[in-house]
>>> print(open('my_file-v1.cif').read())   # mmCIF, C-alpha atoms, pLDDT in the B column; chains and numbers go by the auth columns
data_coords
#
loop_
_atom_site.group_PDB
_atom_site.id
_atom_site.type_symbol
_atom_site.label_atom_id
_atom_site.label_comp_id
_atom_site.label_asym_id
_atom_site.label_seq_id
_atom_site.Cartn_x
_atom_site.Cartn_y
_atom_site.Cartn_z
_atom_site.B_iso_or_equiv
_atom_site.auth_seq_id
_atom_site.auth_asym_id
ATOM 1 C CA MET A 1 -26.433 24.434 -8.950 44.00 1 A
ATOM 2 C CA ASN A 2 -26.824 20.934 -10.323 48.00 2 A
ATOM 3 C CA SER A 3 -27.594 18.443 -7.544 46.00 3 A
ATOM 4 C CA ALA A 4 -26.147 15.558 -9.590 50.00 4 A
ATOM 5 C CA VAL A 5 -22.644 17.016 -9.243 51.00 5 A
ATOM 6 C CA GLN A 6 -21.030 16.109 -5.938 55.00 6 A
ATOM 7 C CA ASP A 7 -18.907 18.535 -4.005 61.00 7 A
ATOM 8 C CA ALA A 8 -15.208 18.124 -4.677 63.00 8 A
ATOM 9 C CA SER A 9 -13.320 16.472 -1.864 70.00 9 A
ATOM 10 C CA LEU A 10 -9.738 15.597 -1.100 75.00 10 A
ATOM 11 C CA TYR A 11 -10.878 12.430 0.685 78.00 11 A
ATOM 12 C CA THR A 12 -10.631 10.086 -2.270 85.00 12 A
ATOM 13 C CA VAL A 13 -9.317 6.817 -0.815 92.00 13 A
ATOM 14 C CA LYS A 14 -11.510 4.789 1.517 94.00 14 A
ATOM 15 C CA ALA A 15 -9.026 1.954 2.125 94.00 15 A
ATOM 16 C CA ILE A 16 -5.682 0.455 1.149 95.00 16 A
ATOM 17 C CA ILE A 17 -5.527 -3.299 1.663 95.00 17 A
ATOM 18 C CA VAL A 18 -2.951 -6.048 1.097 95.00 18 A
ATOM 19 C CA LEU A 19 -4.098 -9.671 1.287 95.00 19 A
ATOM 20 C CA ASP A 20 -2.199 -12.916 0.834 92.00 20 A
ATOM 21 C CA ASN A 21 -3.191 -15.593 -1.679 91.00 21 A
ATOM 22 C CA ASP A 22 -5.549 -17.162 0.883 92.00 22 A
ATOM 23 C CA GLY A 23 -7.424 -13.895 1.432 91.00 23 A
ATOM 24 C CA ASN A 24 -5.874 -13.218 4.835 93.00 24 A
ATOM 25 C CA ARG A 25 -5.169 -9.617 5.752 94.00 25 A
ATOM 26 C CA LEU A 26 -1.539 -8.542 5.871 93.00 26 A
ATOM 27 C CA LEU A 27 -2.214 -4.818 5.903 94.00 27 A
ATOM 28 C CA ALA A 28 -5.413 -2.794 5.932 94.00 28 A
ATOM 29 C CA LYS A 29 -5.821 0.940 6.435 94.00 29 A
ATOM 30 C CA TYR A 30 -9.410 2.184 6.432 94.00 30 A
ATOM 31 C CA TYR A 31 -9.882 5.929 6.212 92.00 31 A
ATOM 32 C CA ASP A 32 -13.597 6.390 6.861 89.00 32 A
ATOM 33 C CA GLY A 33 -16.506 4.766 8.646 86.00 33 A
ATOM 34 C CA THR A 34 -17.794 2.676 5.748 86.00 34 A
ATOM 35 C CA PHE A 35 -17.016 -0.479 7.720 88.00 35 A
ATOM 36 C CA PRO A 36 -17.047 0.487 11.407 88.00 36 A
ATOM 37 C CA THR A 37 -16.170 -2.873 13.002 91.00 37 A
ATOM 38 C CA ASP A 38 -13.321 -5.271 12.389 92.00 38 A
ATOM 39 C CA LYS A 39 -15.807 -8.093 11.788 94.00 39 A
ATOM 40 C CA GLU A 40 -17.491 -6.141 8.970 93.00 40 A
ATOM 41 C CA ARG A 41 -14.117 -5.263 7.478 93.00 41 A
ATOM 42 C CA ARG A 42 -12.903 -8.873 7.456 94.00 42 A
ATOM 43 C CA LEU A 43 -16.179 -10.093 5.953 94.00 43 A
ATOM 44 C CA TRP A 44 -15.980 -7.442 3.213 93.00 44 A
ATOM 45 C CA GLU A 45 -12.305 -8.277 2.557 94.00 45 A
ATOM 46 C CA LYS A 46 -13.169 -11.971 2.198 95.00 46 A
ATOM 47 C CA ASN A 47 -15.997 -11.121 -0.207 93.00 47 A
ATOM 48 C CA MET A 48 -13.701 -8.803 -2.196 93.00 48 A
ATOM 49 C CA PHE A 49 -10.983 -11.455 -2.358 94.00 49 A
ATOM 50 C CA ASN A 50 -13.439 -14.114 -3.558 93.00 50 A
ATOM 51 C CA LYS A 51 -14.612 -11.780 -6.347 91.00 51 A
ATOM 52 C CA THR A 52 -11.100 -10.789 -7.453 90.00 52 A
ATOM 53 C CA CYS A 53 -8.904 -13.856 -6.936 86.00 53 A
ATOM 54 C CA LYS A 54 -10.026 -15.536 -10.163 84.00 54 A
ATOM 55 C CA ALA A 55 -10.991 -12.444 -12.141 79.00 55 A
ATOM 56 C CA ASN A 56 -8.762 -11.238 -14.928 78.00 56 A
ATOM 57 C CA SER A 57 -9.366 -7.512 -14.646 82.00 57 A
ATOM 58 C CA GLU A 58 -8.083 -4.585 -12.624 90.00 58 A
ATOM 59 C CA ILE A 59 -11.269 -2.945 -11.396 93.00 59 A
ATOM 60 C CA ILE A 60 -14.588 -4.005 -9.882 92.00 60 A
ATOM 61 C CA MET A 61 -17.594 -2.334 -8.323 93.00 61 A
ATOM 62 C CA LEU A 62 -18.445 -4.044 -5.053 89.00 62 A
ATOM 63 C CA ASP A 63 -21.142 -2.955 -2.605 89.00 63 A
ATOM 64 C CA GLY A 64 -21.224 0.540 -4.104 91.00 64 A
ATOM 65 C CA LEU A 65 -17.443 0.984 -3.925 93.00 65 A
ATOM 66 C CA THR A 66 -14.828 1.130 -6.659 94.00 66 A
ATOM 67 C CA VAL A 67 -12.009 -1.349 -6.090 94.00 67 A
ATOM 68 C CA ILE A 68 -8.770 -1.178 -8.070 95.00 68 A
ATOM 69 C CA TYR A 69 -6.555 -4.207 -7.533 95.00 69 A
ATOM 70 C CA ARG A 70 -3.396 -5.941 -8.634 93.00 70 A
ATOM 71 C CA SER A 71 -1.914 -9.327 -7.816 90.00 71 A
ATOM 72 C CA ASN A 72 1.713 -10.342 -7.690 87.00 72 A
ATOM 73 C CA VAL A 73 3.081 -13.786 -6.805 84.00 73 A
ATOM 74 C CA ASP A 74 1.200 -14.472 -3.549 88.00 74 A
ATOM 75 C CA LEU A 75 -0.120 -10.980 -2.732 93.00 75 A
ATOM 76 C CA TYR A 76 -3.179 -8.945 -3.691 94.00 76 A
ATOM 77 C CA PHE A 77 -3.054 -5.142 -3.467 95.00 77 A
ATOM 78 C CA TYR A 78 -6.299 -3.141 -3.279 96.00 78 A
ATOM 79 C CA VAL A 79 -7.194 0.545 -3.309 95.00 79 A
ATOM 80 C CA VAL A 80 -10.832 1.300 -2.518 95.00 80 A
ATOM 81 C CA GLY A 81 -12.757 4.480 -3.310 93.00 81 A
ATOM 82 C CA SER A 82 -16.365 5.587 -3.571 91.00 82 A
ATOM 83 C CA SER A 83 -18.444 4.718 -6.612 89.00 83 A
ATOM 84 C CA GLN A 84 -18.110 8.330 -7.816 89.00 84 A
ATOM 85 C CA GLU A 85 -14.312 8.339 -7.569 88.00 85 A
ATOM 86 C CA ASN A 86 -12.071 8.682 -10.596 88.00 86 A
ATOM 87 C CA GLU A 87 -10.615 5.246 -11.345 91.00 87 A
ATOM 88 C CA LEU A 88 -7.428 6.732 -12.797 92.00 88 A
ATOM 89 C CA ILE A 89 -6.643 8.495 -9.527 92.00 89 A
ATOM 90 C CA LEU A 90 -7.173 5.284 -7.574 93.00 90 A
ATOM 91 C CA ALA A 91 -5.044 3.404 -10.117 94.00 91 A
ATOM 92 C CA SER A 92 -2.231 5.929 -9.666 94.00 92 A
ATOM 93 C CA VAL A 93 -2.325 5.304 -5.892 94.00 93 A
ATOM 94 C CA LEU A 94 -2.161 1.546 -6.471 95.00 94 A
ATOM 95 C CA SER A 95 0.674 1.929 -8.954 95.00 95 A
ATOM 96 C CA CYS A 96 2.608 4.157 -6.557 94.00 96 A
ATOM 97 C CA LEU A 97 2.125 1.670 -3.723 94.00 97 A
ATOM 98 C CA PHE A 98 3.210 -1.332 -5.769 94.00 98 A
ATOM 99 C CA ASP A 99 6.166 0.425 -7.415 93.00 99 A
ATOM 100 C CA SER A 100 7.451 1.841 -4.126 93.00 100 A
ATOM 101 C CA LEU A 101 7.225 -1.574 -2.452 91.00 101 A
ATOM 102 C CA SER A 102 8.857 -3.210 -5.448 90.00 102 A
ATOM 103 C CA HIS A 103 11.715 -0.721 -5.284 90.00 103 A
ATOM 104 C CA MET A 104 12.029 -1.026 -1.499 88.00 104 A
ATOM 105 C CA LEU A 105 11.956 -4.833 -1.577 84.00 105 A
ATOM 106 C CA ARG A 106 14.364 -4.970 -4.531 85.00 106 A
ATOM 107 C CA LYS A 107 11.757 -6.379 -6.963 86.00 107 A
ATOM 108 C CA ASN A 108 11.045 -9.259 -4.567 82.00 108 A
ATOM 109 C CA VAL A 109 7.404 -8.458 -3.782 86.00 109 A
ATOM 110 C CA GLU A 110 6.135 -11.564 -2.049 88.00 110 A
ATOM 111 C CA LYS A 111 4.577 -12.373 1.303 90.00 111 A
ATOM 112 C CA ARG A 112 7.768 -13.398 3.107 90.00 112 A
ATOM 113 C CA THR A 113 9.748 -10.276 2.204 89.00 113 A
ATOM 114 C CA LEU A 114 6.742 -8.020 2.748 89.00 114 A
ATOM 115 C CA LEU A 115 6.270 -9.358 6.288 90.00 115 A
ATOM 116 C CA ALA A 116 9.990 -8.955 7.004 88.00 116 A
ATOM 117 C CA ASN A 117 9.778 -5.286 6.007 88.00 117 A
ATOM 118 C CA MET A 118 6.399 -4.263 7.434 89.00 118 A
ATOM 119 C CA ASP A 119 7.813 -1.093 8.986 88.00 119 A
ATOM 120 C CA GLY A 120 8.752 0.207 5.532 88.00 120 A
ATOM 121 C CA VAL A 121 5.428 -0.959 4.102 91.00 121 A
ATOM 122 C CA PHE A 122 3.463 1.015 6.697 92.00 122 A
ATOM 123 C CA LEU A 123 5.685 4.057 6.149 91.00 123 A
ATOM 124 C CA SER A 124 5.062 3.810 2.398 92.00 124 A
ATOM 125 C CA VAL A 125 1.297 3.646 2.842 93.00 125 A
ATOM 126 C CA ASP A 126 1.434 6.618 5.215 92.00 126 A
ATOM 127 C CA GLU A 127 3.522 8.619 2.738 92.00 127 A
ATOM 128 C CA ILE A 128 1.082 7.894 -0.098 93.00 128 A
ATOM 129 C CA CYS A 129 -2.198 8.518 1.719 93.00 129 A
ATOM 130 C CA ASP A 130 -3.167 10.224 4.974 91.00 130 A
ATOM 131 C CA HIS A 131 -6.741 9.929 6.274 90.00 131 A
ATOM 132 C CA GLY A 132 -7.954 9.248 2.723 90.00 132 A
ATOM 133 C CA ILE A 133 -6.145 12.221 1.180 91.00 133 A
ATOM 134 C CA ILE A 134 -3.603 11.339 -1.499 92.00 134 A
ATOM 135 C CA LEU A 135 -0.271 12.919 -0.611 92.00 135 A
ATOM 136 C CA GLU A 136 2.053 11.400 -3.183 91.00 136 A
ATOM 137 C CA SER A 137 1.782 9.466 -6.427 90.00 137 A
ATOM 138 C CA ASP A 138 5.458 9.308 -7.435 91.00 138 A
ATOM 139 C CA TYR A 139 7.023 6.149 -6.096 90.00 139 A
ATOM 140 C CA MET A 140 10.562 7.543 -6.077 91.00 140 A
ATOM 141 C CA ASN A 141 9.515 10.371 -3.735 91.00 141 A
ATOM 142 C CA VAL A 142 7.878 7.806 -1.460 90.00 142 A
ATOM 143 C CA CYS A 143 11.014 5.635 -1.472 89.00 143 A
ATOM 144 C CA ASP A 144 13.222 8.633 -0.697 87.00 144 A
ATOM 145 C CA ARG A 145 11.047 9.680 2.248 86.00 145 A
ATOM 146 C CA VAL A 146 10.815 6.147 3.626 85.00 146 A
ATOM 147 C CA ALA A 147 14.595 5.739 3.352 83.00 147 A
ATOM 148 C CA LEU A 148 15.103 9.004 5.238 73.00 148 A
ATOM 149 C CA LYS A 149 12.763 7.919 8.022 63.00 149 A
ATOM 150 C CA GLN A 150 14.432 4.521 8.318 61.00 150 A
ATOM 151 C CA ASP A 151 17.872 6.168 8.443 57.00 151 A
ATOM 152 C CA ASP A 152 16.701 8.245 11.399 54.00 152 A
ATOM 153 C CA LEU A 153 16.435 5.170 13.634 53.00 153 A
ATOM 154 C CA SER A 154 19.000 5.020 16.395 55.00 154 A
ATOM 155 C CA ILE A 155 21.501 2.190 16.231 55.00 155 A
ATOM 156 C CA SER A 156 19.760 0.369 19.101 58.00 156 A
ATOM 157 C CA GLU A 157 16.440 0.315 17.174 57.00 157 A
ATOM 158 C CA GLN A 158 17.941 -1.110 13.987 60.00 158 A
ATOM 159 C CA THR A 159 18.253 -4.778 13.166 69.00 159 A
ATOM 160 C CA VAL A 160 21.666 -6.290 12.507 71.00 160 A
ATOM 161 C CA ALA A 161 20.891 -6.465 8.792 71.00 161 A
ATOM 162 C CA GLN A 162 19.988 -2.758 8.740 71.00 162 A
ATOM 163 C CA VAL A 163 23.210 -1.833 10.545 72.00 163 A
ATOM 164 C CA LEU A 164 25.268 -3.922 8.106 75.00 164 A
ATOM 165 C CA GLN A 165 23.465 -2.398 5.125 77.00 165 A
ATOM 166 C CA THR A 166 24.089 1.114 6.466 76.00 166 A
ATOM 167 C CA ALA A 167 27.779 0.291 6.939 78.00 167 A
ATOM 168 C CA LYS A 168 28.002 -1.127 3.391 78.00 168 A
ATOM 169 C CA ASP A 169 26.365 1.987 1.969 77.00 169 A
ATOM 170 C CA GLN A 170 28.731 4.286 3.852 79.00 170 A
ATOM 171 C CA ILE A 171 31.789 2.318 2.694 82.00 171 A
ATOM 172 C CA LYS A 172 30.511 2.319 -0.890 74.00 172 A
ATOM 173 C CA TRP A 173 29.993 6.099 -0.832 74.00 173 A
ATOM 174 C CA SER A 174 33.386 6.730 0.717 74.00 174 A
ATOM 175 C CA LEU A 175 35.087 4.609 -1.958 77.00 175 A
ATOM 176 C CA MET A 176 33.220 6.402 -4.745 71.00 176 A
ATOM 177 C CA LYS A 177 34.464 9.824 -3.619 61.00 177 A
#
>>> encode(input="my_file-v1.cif", output="structure tokens")
Amino acid sequence: MNSAVQDASLYTVKAIIVLDNDGNRLLAKYYDGTFPTDKERRLWEKNMFNKTCKANSEIIMLDGLTVIYRSNVDLYFYVVGSSQENELILASVLSCLFDSLSHMLRKNVEKRTLLANMDGVFLSVDEICDHGIILESDYMNVCDRVALKQDDLSISEQTVAQVLQTAKDQIKWSLMK
């Protein structure tokens, strides 16, 4: 067997990260021990942000890792994989993440709305990737699953806006029938 060929693995994603336009972490999910401490992770995130904030590309190699990224308004979205990872697979994860958040946030993907909907953001990330294994790459499936999970909240756990939105949706559906 050729030693240059690595064993196939389902663990393709090393991290999913969202930073603001100052390089501060809004969300970070690390799936392996590449950066064991929070201090190392923050230092690496700052270095990654400094390399990508002014670059006009979508992919970089940084410290032996492949980083696929995208910026929008005041947010930077990153998907990190090993240097041997297929960039198209990582790009599909990034695209799924961004499209599902865009759909969930009604095309208003910016820091303020992202922070107001962090529960849905975390659910989306968890639906897309679990322990580094890609579960879903279709953003509509992710949105459907996140909507189902958010609908399962009891009325006491929902915010007033969520209760009003649920009531509006129910009235709309009853009028359409």
>>> atom_distance(input="my_file-v1.cif", atom1="atom CA of Leu88 of chain A", atom2="atom CA of Glu136 of chain A")
14.3 Å
>>> residues_around(input="my_file-v1.cif", residues="segment 55-62 of chain A", least_positions_apart="6", cutoff="10 Å", atoms="only C-alpha atoms", output="number ranges by chain")
A: 44, 47-49, 68-71, 78-83, 87, 90-91
>>> closest_residue(input="my_file-v1.cif", among="A:Ser174, A:Asn117, A:Ser102, A:Ser95", to="Ala161 of chain A", atoms="all atoms listed in the file")
A:Asn117
>>> residues_around(input="my_file-v1.cif", residues="Cys96 of chain A", least_positions_apart="6", cutoff="10 Å", atoms="all atoms listed in the file", output="PyMOL selection string")
chain A and resi 90+102+124-125+128+136-143
>>> atom_distance(input="my_file-v1.cif", atom1="atom CA of Asp130 of chain A", atom2="atom CA of Gly23 of chain A")
24.7 Å
>>> residues_near_point(input="my_file-v1.cif", point="(-2.1, -16.4, 0.1)", cutoff="8 Å", atoms="all atoms listed in the file", output="compact mmCIF listing (two decimals) with C-alpha atoms, keeping the file's coordinate frame")
# COMPACT_ATOMS: atom_id res chain seq x y z
CA LEU A 19 -4.10 -9.67 1.29
CA ASP A 20 -2.20 -12.92 0.83
CA ASN A 21 -3.19 -15.59 -1.68
CA ASP A 22 -5.55 -17.16 0.88
CA GLY A 23 -7.42 -13.90 1.43
CA ASN A 24 -5.87 -13.22 4.84
CA ASP A 74 1.20 -14.47 -3.55
CA LEU A 75 -0.12 -10.98 -2.73
CA LYS A 111 4.58 -12.37 1.30
>>> closest_residue(input="my_file-v1.cif", among="A:Lys54, A:Val93, A:Thr37, A:Gly132", to="Lys14 of chain A", atoms="only C-alpha atoms")
A:Gly132
>>> residues_around(input="my_file-v1.cif", residues="Lys107 of chain A", least_positions_apart="6", cutoff="12 Å", atoms="all atoms listed in the file", output="PDB file with C-alpha atoms, in the coordinates of the input")
ATOM      1  CA  ASN A  72       1.713 -10.342  -7.690  1.00 87.00           C
ATOM      2  CA  VAL A  73       3.081 -13.786  -6.805  1.00 84.00           C
ATOM      3  CA  PHE A  98       3.210  -1.332  -5.769  1.00 94.00           C
ATOM      4  CA  ASP A  99       6.166   0.425  -7.415  1.00 93.00           C
ATOM      5  CA  SER A 100       7.451   1.841  -4.126  1.00 93.00           C
ATOM      6  CA  LEU A 101       7.225  -1.574  -2.452  1.00 91.00           C
ATOM      7  CA  THR A 113       9.748 -10.276   2.204  1.00 89.00           C
ATOM      8  CA  LEU A 114       6.742  -8.020   2.748  1.00 89.00           C
TER       9      LEU A 114
END
>>> atom_distance(input="my_file-v1.cif", atom1="atom CA of Thr66 of chain A", atom2="atom CA of Leu27 of chain A")
18.8 Å
>>> closest_residue(input="my_file-v1.cif", among="A:Lys29, A:Gln162, A:Ile89, A:Pro36", to="Ala116 of chain A", atoms="all atoms listed in the file")
A:Gln162
>>> closest_residue(input="my_file-v1.cif", among="A:Phe77, A:Tyr31, A:Lys46, A:Met176", to="Leu94 of chain A", atoms="only C-alpha atoms")
A:Phe77
>>> closest_residue(input="my_file-v1.cif", among="A:Ile16, A:Leu123, A:Leu65, A:Cys53", to="Leu148 of chain A", atoms="all atoms listed in the file")
A:Leu123
>>> decode(input="my_file-v1.cif", residues="segment 40-54 of chain A", atoms="N, CA and C atoms", output="PDB file, in the first residue's frame")
ATOM      1  N   GLU A  40      -4.305  29.371  23.221  1.00  0.00           N
ATOM      2  CA  GLU A  40      -3.772  29.020  21.898  1.00  0.00           C
ATOM      3  C   GLU A  40      -4.807  29.252  20.804  1.00  0.00           C
ATOM      4  N   ARG A  41      -6.053  28.920  21.099  1.00  0.00           N
ATOM      5  CA  ARG A  41      -7.124  29.116  20.123  1.00  0.00           C
ATOM      6  C   ARG A  41      -7.314  30.589  19.803  1.00  0.00           C
ATOM      7  N   ARG A  42      -7.358  31.427  20.818  1.00  0.00           N
ATOM      8  CA  ARG A  42      -7.549  32.872  20.591  1.00  0.00           C
ATOM      9  C   ARG A  42      -6.369  33.484  19.838  1.00  0.00           C
ATOM     10  N   LEU A  43      -5.166  33.052  20.158  1.00  0.00           N
ATOM     11  CA  LEU A  43      -3.979  33.540  19.456  1.00  0.00           C
ATOM     12  C   LEU A  43      -4.027  33.132  17.984  1.00  0.00           C
ATOM     13  N   TRP A  44      -4.408  31.881  17.719  1.00  0.00           N
ATOM     14  CA  TRP A  44      -4.506  31.401  16.338  1.00  0.00           C
ATOM     15  C   TRP A  44      -5.622  32.133  15.596  1.00  0.00           C
ATOM     16  N   GLU A  45      -6.754  32.369  16.254  1.00  0.00           N
ATOM     17  CA  GLU A  45      -7.859  33.103  15.635  1.00  0.00           C
ATOM     18  C   GLU A  45      -7.432  34.520  15.268  1.00  0.00           C
ATOM     19  N   LYS A  46      -6.689  35.168  16.153  1.00  0.00           N
ATOM     20  CA  LYS A  46      -6.215  36.532  15.885  1.00  0.00           C
ATOM     21  C   LYS A  46      -5.271  36.536  14.693  1.00  0.00           C
ATOM     22  N   ASN A  47      -4.367  35.549  14.645  1.00  0.00           N
ATOM     23  CA  ASN A  47      -3.442  35.423  13.523  1.00  0.00           C
ATOM     24  C   ASN A  47      -4.205  35.166  12.224  1.00  0.00           C
ATOM     25  N   MET A  48      -5.185  34.275  12.272  1.00  0.00           N
ATOM     26  CA  MET A  48      -6.002  33.961  11.092  1.00  0.00           C
ATOM     27  C   MET A  48      -6.762  35.199  10.625  1.00  0.00           C
ATOM     28  N   PHE A  49      -7.339  35.937  11.557  1.00  0.00           N
ATOM     29  CA  PHE A  49      -8.084  37.139  11.202  1.00  0.00           C
ATOM     30  C   PHE A  49      -7.172  38.170  10.548  1.00  0.00           C
ATOM     31  N   ASN A  50      -5.976  38.365  11.112  1.00  0.00           N
ATOM     32  CA  ASN A  50      -5.037  39.336  10.543  1.00  0.00           C
ATOM     33  C   ASN A  50      -4.620  38.963   9.125  1.00  0.00           C
ATOM     34  N   LYS A  51      -4.528  37.661   8.840  1.00  0.00           N
ATOM     35  CA  LYS A  51      -4.155  37.210   7.493  1.00  0.00           C
ATOM     36  C   LYS A  51      -5.318  37.334   6.506  1.00  0.00           C
ATOM     37  N   THR A  52      -6.552  37.227   6.990  1.00  0.00           N
ATOM     38  CA  THR A  52      -7.695  37.173   6.076  1.00  0.00           C
ATOM     39  C   THR A  52      -8.502  38.461   5.976  1.00  0.00           C
ATOM     40  N   CYS A  53      -8.362  39.373   6.934  1.00  0.00           N
ATOM     41  CA  CYS A  53      -9.236  40.545   6.944  1.00  0.00           C
ATOM     42  C   CYS A  53      -9.016  41.460   5.747  1.00  0.00           C
ATOM     43  N   LYS A  54      -7.807  41.495   5.209  1.00  0.00           N
ATOM     44  CA  LYS A  54      -7.528  42.367   4.070  1.00  0.00           C
ATOM     45  C   LYS A  54      -7.294  41.589   2.784  1.00  0.00           C
TER      46      LYS A  54
END
